[in-house]
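Chemist: Just passing along the structure, written as structure tokens.
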Amino acid sequence: MTRLITGTALAAIMTMSAGSAFAQTELRIFTGGQQRPDVMRQILDAYQEQNPDVTVEIEVGGATSEQQQQYLNTVLASQDSTLDVVLIDVIRPAQWAAAGWAEPLDEYLGDERDAIMDRYLPAYREANVVDGAVMALPYFADSQFLYYRTDLLEKHGVEPPKTWDELKAAALKIQEAEGNPNLAGFLTAGAPIEGTVCTYLVPYWGAGGELGGEGGAITLSAEQAARPFELWGDFKEAGVLPANIAEIPTDRIRQDFQAGNAIFAMNWGYVWNRVQNDEDSQVKGNVGVVTLPGFTADTPATCIGGWQLAVSAFSENKEAAVELVKYLSSPEVSKQQAILASHMPVFPEVYTDAEVLEANPWFEDALPVVETARSRPVSPAYPRVSEVIRTNMNAFLAGTQDGAASLQAIEQGLSEVMQ
Amino acid sequence: MMRLPRPRVMVLIAGLVVVVNGFVPAIWIVLTSLKTEAELLRLPITILPDTLTFQNYTRVFTDQPILTFMWNSVAVATLSTLLCVTVSALAAYALVRLRLPAPGLILSVLMAIAMFPLISLMVPLFQVMRTVGLLNTWWALVLPYAVLSMPVCTMVLISFFQDIPKDLESAAMIDGCSRLGALWHVVIPLTAPGVFTAGILAFVNAWDEFLLALTLSSRVSSRTLPVGITLYQGEFSFPWPIISAALVVAIVPISIIIALFQERVVGGLTQGGMKG
Amino acid sequence: MLTFDSTKSKPTTKPLPLSRLEKSERHLGLLMILPAFLLLFAVVLFPIGRLLVTSTQRLSLTEPWLGTPFVGLDNYREALTDARFWETTLNTVIYIAVTVPGAIVVGLGLALLANQPFKIKWPVRLGLLLPWALPLVFAGLIFRWFFEFNQGIVNNILMWVGLPKLAWLTDPFLATVAICIAIIWKTSSFVALILLAGLQTIPKSLYEAAEIDGASKWQQFIEITLPMLRPAIIVAAIFRTITAIQTFDIPYAMTNGGPGNSTETLAMYIHKTTIDFLDLGYGSALAVLMFVVSLVMTAGYLRYTRRDPRQEA
């Protein structure tokens, strides 16, 4: 009996010491409020079950990409080690690489590096590799689409437009026939916010423009640089864009479209779920989504978005953090996110997965869009690049600056960015 | 001119103007907070909610930890008020009663420094707070907020202290009190309205502040209400009804405080001077 | 509250050699002032020192490989030739020039109205003080919604009376007007609070005497109220100016500087340069320049406080 007790006690002590040898690794992951921290929690709970020695805590930050980055700027500028993994916007890896905030992942991935990277959609492979080094792995994808009102198009016998001209004609026809002064023909972001950068870039790329430049400098191709101003200027004059386009931020587009105040809207993937599922949606069942138009039917272009997982260079648990990132960036998690949150997958094969398609029938059409979507300028000084483009686009849409002046201001601003 | 008897109607209209000016935005957000987003976006707009909904208030408490924000706001405002009033009272008393060299100059320098636009000091302040490890704690805000209100508190307290007859303190000191004892046992009780006024001015200043809070204390666990509520909006959402509901939740406590103490706020300022 | 009359309590005679008691009083006095200066040192003076140092460096956190080389006055030179610095400074000056007098006029009006003999005082007082207690950034959000093009109450009122809708937030001039209205609404409350306190200290006998002399209400206002309120108005103006220099919250919430950069203030530009662009060197130089502007303003204030005791004596 005594021996038994001693044995049990001994065993207990041994377990305890074994436990302390495999001390709990505590990781902290930062995400924005918009990236569904609730779904991430579910995924992490499963991860913790498989890896009992790891606990992961979520820190939810500001809601817009800029607010999150403002917070992260202050945290990382002070080399704070409390964050291990950070969810960053697709426009950030270059800045993070330059600032030395993201731990390059190549060494951790080892021989698997190329095999892992090859599985992702090309746009995300490119976005996360800066100067040959893997700075982050993609978590979920996003892209801009053209949303339209199927009921209105049907009623007036219009096909979903493939070119901007078709869109303009369709919008004008429907607006005139409906006679509702509050019905906007087309909505896109026009306020001085990040989304407005894409309002410039989509028609710029569509016209065949390329972003050039070396060492972080950005240059525009001269021929196409004025096309966005011509296009939106024409749309505004014709009344396709509403008069107040310059005060419209991203979610205002969704709200107005959902309230039935717009025929066409250019917006990100999140809109679909809201307009089809929100209780108060006025357009439920009457929404179509297609590739954005181009200047010709075969040259559409769109901006990519999406969120990437970076390991903080100041983390004290980098090994464990990389393991977590690899898990969160796996096809299984991508599928889970697609089903639970309608987050667009970063692997092409997940788009055609039966369960995923059941939850998001429109993903089938989304794949070709995401495959051709393009990255916003890659620059360590991206915040400045973005600021130059969006403030001038905003001033143009507000009518306080003509196209020529806006273009000149953008070109000059971009040339000063990397001095 | 102010005290002449007038028709009641005129007086009522005067009151109505002040009430409408002050309350319209508050009423507007109360109404908005009871609408659905769909109704808010409908054209033509509605004034009264078509169908009352209280779900925005549920969302306020479930979407973000608003009670944490409120607790942070209350704690930061209270602590900075205590610090500010203590520091200002000591300085004001020394300037009024004790034989300092060039008190006028000292006061001017103190005021000039305290009135420095803190907004332009954000980066060095951030670095200092980071170095001493106060970033994302209450203290990162308590210290600057105490400075923010120092000029107004010192001014209020000086004018109050000036009105206390010296003989009272002398008597207390003869009874065995030290200077500080006299300040604590005689002067402060007599100038309680002034201390209170200074306190509420400091409290509201701290309650109001946004930019320093955004920069020095943006982690969820240490966010104050102005920062917390601003961050209800997101790239992909600007939920006006929910933000309105959050504003209502945030404004109610401060309104109650003001309604309870309005007499004292104005009275305190009056009593303490303004006699030009 | 506005007479920082530190001389009042002092003997008016020339200082005699200090007695031992007086010496210990002086020590105690210095000791009591110490906490205030320690706090100011930690929160203001020390950071100002850091600010001056970084303003002479090239310090950009997005380009850490550059190190922090000393560049002398380059940042300042850059600022003086930076069109955006001048534009944002001009915008700030416009906000000061419009909203300080604006808040005082409106605040005076509110104070006069609130000073009527009401039977029930608290609703009026609450109405007077509510804007003061509403954080600036919330006021900004609310007014943005008021001035919204389609759903905003302002344009809807314009439509009801048969006028066209105005592009309040996307026209540079109208956006400035809208922002000024919001600032004046929010800040006139504090001004009214100070002026109301001032009004209540004006002896009623003055008005009674004027009444007997047959002075009209307007004459009473000009001859009695305004002169008696002068010190309170000056105090209100000083505090208002100091906060107006730092205008940030309301334009940030209403237009985020747009359209273009036409409503951006200097404080917003500094914030953007340092927190968004992480260009700490240049941001520091901008902040020092802003300090110079505010120093000029506080200098006027210093002169007032230094002169005031004599005025009262």
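In the structure tokens, chains take the letters A, B, ... in the order shown, each chain's residues start at 1, and ligands count up from 1 in the order shown.
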Find the residues of chain A that sit at most 8 Å from chain B; for each, write down the nearest two atoms and how far apart they are in Å, to one decimal. Count only C-alpha atoms. Sort by chain, then by number going up, and give it as CSV.
Modeler:
```
residue,atom,partner,partner_atom,distance
A:Gly33,CA,B:Gly234,CA,7.7
A:Gln34,CA,B:Gly234,CA,6.8
A:Glu59,CA,B:Val220,CA,7.8
A:Val60,CA,B:Val220,CA,7.1
A:Gly61,CA,B:Val220,CA,6.8
A:Gly62,CA,B:Leu231,CA,5.6
A:Ala63,CA,B:Gly234,CA,4.2
A:Thr64,CA,B:Glu235,CA,4.4
A:Ser65,CA,B:Glu235,CA,7.0
A:Tyr71,CA,B:Ser218,CA,6.5
A:Thr74,CA,B:Thr215,CA,7.5
A:Ser78,CA,B:Arg130,CA,6.7
A:Asn182,CA,B:Leu43,CA,7.5
A:Thr250,CA,B:Phe236,CA,6.2
A:Asp251,CA,B:Phe236,CA,4.8
A:Arg252,CA,B:Phe238,CA,7.2
A:Gln255,CA,B:Leu41,CA,7.4
A:Asp256,CA,B:Leu41,CA,6.8
A:Gln258,CA,B:Ala38,CA,8.0
A:Ala259,CA,B:Ala38,CA,5.9
A:Tyr270,CA,B:Phe236,CA,7.7
A:Asp280,CA,B:Ala38,CA,5.7
A:Ser281,CA,B:Ala38,CA,7.0
A:Gln282,CA,B:Ala38,CA,7.7
```
Chemist: Kindly save the residues from that selection, with N, CA and C atoms included, as a tab-separated table (two decimals), in the first residue's frame.
Modeler:
```tsv
chain	number	residue	atom	x	y	z
A	33	GLY	N	-10.85	43.27	-37.06
A	33	GLY	CA	-12.21	42.87	-36.74
A	33	GLY	C	-12.98	42.39	-37.97
A	34	GLN	N	-12.53	42.80	-39.17
A	34	GLN	CA	-13.24	42.43	-40.39
A	34	GLN	C	-12.89	41.04	-40.88
A	59	GLU	N	-5.63	38.63	-30.85
A	59	GLU	CA	-5.81	40.04	-30.51
A	59	GLU	C	-6.50	40.71	-31.69
A	60	VAL	N	-7.64	41.33	-31.41
A	60	VAL	CA	-8.40	41.95	-32.50
A	60	VAL	C	-8.09	43.44	-32.55
A	61	GLY	N	-7.66	43.91	-33.70
A	61	GLY	CA	-7.28	45.32	-33.82
A	61	GLY	C	-8.30	46.12	-34.58
A	62	GLY	N	-7.92	47.32	-34.93
A	62	GLY	CA	-8.78	48.27	-35.63
A	62	GLY	C	-9.38	47.65	-36.88
A	63	ALA	N	-10.47	48.23	-37.34
A	63	ALA	CA	-11.23	47.55	-38.36
A	63	ALA	C	-10.72	47.76	-39.78
A	64	THR	N	-10.21	48.94	-40.11
A	64	THR	CA	-9.73	49.10	-41.48
A	64	THR	C	-8.26	48.74	-41.54
A	65	SER	N	-7.84	48.42	-42.75
A	65	SER	CA	-6.45	48.05	-42.97
A	65	SER	C	-5.51	49.15	-42.48
A	71	TYR	N	-1.78	50.97	-35.79
A	71	TYR	CA	-1.50	50.34	-34.50
A	71	TYR	C	-0.23	49.49	-34.59
A	74	THR	N	3.01	51.43	-34.50
A	74	THR	CA	3.51	51.84	-33.19
A	74	THR	C	4.07	50.64	-32.42
A	78	SER	N	8.41	49.89	-31.96
A	78	SER	CA	9.01	49.77	-30.64
A	78	SER	C	9.53	48.35	-30.40
A	182	ASN	N	-32.74	58.60	-57.35
A	182	ASN	CA	-31.82	58.10	-56.33
A	182	ASN	C	-31.11	56.81	-56.75
A	250	THR	N	-15.79	52.33	-49.07
A	250	THR	CA	-16.07	50.97	-49.51
A	250	THR	C	-17.43	50.44	-49.05
A	251	ASP	N	-17.69	50.52	-47.76
A	251	ASP	CA	-18.91	49.85	-47.30
A	251	ASP	C	-20.17	50.63	-47.65
A	252	ARG	N	-20.00	51.92	-47.94
A	252	ARG	CA	-21.16	52.71	-48.36
A	252	ARG	C	-21.69	52.18	-49.69
A	255	GLN	N	-23.75	49.24	-48.79
A	255	GLN	CA	-25.00	49.64	-48.16
A	255	GLN	C	-26.00	50.15	-49.18
A	256	ASP	N	-25.53	51.02	-50.08
A	256	ASP	CA	-26.43	51.58	-51.08
A	256	ASP	C	-26.93	50.51	-52.04
A	258	GLN	N	-27.20	47.33	-51.41
A	258	GLN	CA	-28.08	46.47	-50.63
A	258	GLN	C	-29.44	47.12	-50.39
A	259	ALA	N	-29.43	48.46	-50.33
A	259	ALA	CA	-30.69	49.18	-50.12
A	259	ALA	C	-31.44	49.38	-51.44
A	270	TYR	N	-16.73	40.31	-50.10
A	270	TYR	CA	-17.58	40.20	-48.91
A	270	TYR	C	-19.02	40.60	-49.18
A	280	ASP	N	-32.15	42.53	-43.69
A	280	ASP	CA	-32.76	43.75	-44.20
A	280	ASP	C	-32.36	44.05	-45.66
A	281	SER	N	-31.75	43.08	-46.33
A	281	SER	CA	-31.35	43.33	-47.70
A	281	SER	C	-32.57	43.49	-48.62
A	282	GLN	N	-32.58	44.54	-49.41
A	282	GLN	CA	-33.70	44.81	-50.31
A	282	GLN	C	-33.53	44.12	-51.66
```
Chemist: What's around Leu187 of chain A at 8 Å? Count only C-alpha atoms, leave out sequence neighbours fewer than 5 positions away in its own chain, and write the answer as a list in words.
Modeler: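 Surrounding residues, per the criterion: Leu241, Pro242, Ile245, Ile253, Ala262, Phe264, Ala265 and Met266 of chain A.
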Chemist: Could you give me, as JSON lines, every chain C residue with an atom at most 10 Å from chain A, plus its closest atom pair and distance in Å to one decimal, counting only C-alpha atoms, rows ordered by chain then number?
Modeler:
```
{"residue": "C:Ser60", "atom": "CA", "partner": "A:Ala99", "partner_atom": "CA", "distance": 9.3}
{"residue": "C:Leu61", "atom": "CA", "partner": "A:Ala99", "partner_atom": "CA", "distance": 6.3}
{"residue": "C:Thr62", "atom": "CA", "partner": "A:Ala99", "partner_atom": "CA", "distance": 4.8}
{"residue": "C:Glu63", "atom": "CA", "partner": "A:Ala99", "partner_atom": "CA", "distance": 6.1}
{"residue": "C:Pro64", "atom": "CA", "partner": "A:Ala99", "partner_atom": "CA", "distance": 5.9}
{"residue": "C:Trp65", "atom": "CA", "partner": "A:Ala98", "partner_atom": "CA", "distance": 8.4}
{"residue": "C:Glu148", "atom": "CA", "partner": "A:Glu247", "partner_atom": "CA", "distance": 8.2}
{"residue": "C:Phe149", "atom": "CA", "partner": "A:Asn244", "partner_atom": "CA", "distance": 6.3}
{"residue": "C:Asn150", "atom": "CA", "partner": "A:Asn244", "partner_atom": "CA", "distance": 8.1}
{"residue": "C:Leu166", "atom": "CA", "partner": "A:Asn244", "partner_atom": "CA", "distance": 9.5}
{"residue": "C:Ala167", "atom": "CA", "partner": "A:Asn244", "partner_atom": "CA", "distance": 6.8}
{"residue": "C:Trp168", "atom": "CA", "partner": "A:Asn244", "partner_atom": "CA", "distance": 9.3}
{"residue": "C:Leu169", "atom": "CA", "partner": "A:Glu247", "partner_atom": "CA", "distance": 6.6}
{"residue": "C:Thr170", "atom": "CA", "partner": "A:Ala398", "partner_atom": "CA", "distance": 5.4}
{"residue": "C:Asp171", "atom": "CA", "partner": "A:Ala398", "partner_atom": "CA", "distance": 6.6}
{"residue": "C:Pro172", "atom": "CA", "partner": "A:Thr400", "partner_atom": "CA", "distance": 7.5}
{"residue": "C:Met254", "atom": "CA", "partner": "A:Glu247", "partner_atom": "CA", "distance": 9.7}
{"residue": "C:Thr255", "atom": "CA", "partner": "A:Glu247", "partner_atom": "CA", "distance": 7.8}
{"residue": "C:Asn256", "atom": "CA", "partner": "A:Pro192", "partner_atom": "CA", "distance": 6.9}
{"residue": "C:Gly257", "atom": "CA", "partner": "A:Pro192", "partner_atom": "CA", "distance": 7.8}
{"residue": "C:Gly258", "atom": "CA", "partner": "A:Pro192", "partner_atom": "CA", "distance": 6.2}
{"residue": "C:Pro259", "atom": "CA", "partner": "A:Ala395", "partner_atom": "CA", "distance": 4.9}
{"residue": "C:Gly260", "atom": "CA", "partner": "A:Ala395", "partner_atom": "CA", "distance": 4.3}
{"residue": "C:Asn261", "atom": "CA", "partner": "A:Thr391", "partner_atom": "CA", "distance": 6.7}
{"residue": "C:Ser262", "atom": "CA", "partner": "A:Ala395", "partner_atom": "CA", "distance": 8.6}
{"residue": "C:Lys272", "atom": "CA", "partner": "A:Gln70", "partner_atom": "CA", "distance": 9.5}
{"residue": "C:Thr273", "atom": "CA", "partner": "A:Arg384", "partner_atom": "CA", "distance": 9.1}
{"residue": "C:Thr274", "atom": "CA", "partner": "A:Asn73", "partner_atom": "CA", "distance": 9.7}
{"residue": "C:Ile275", "atom": "CA", "partner": "A:Gln70", "partner_atom": "CA", "distance": 6.0}
{"residue": "C:Asp276", "atom": "CA", "partner": "A:Gln70", "partner_atom": "CA", "distance": 6.0}
{"residue": "C:Phe277", "atom": "CA", "partner": "A:Pro383", "partner_atom": "CA", "distance": 6.1}
{"residue": "C:Leu278", "atom": "CA", "partner": "A:Asn73", "partner_atom": "CA", "distance": 7.6}
```
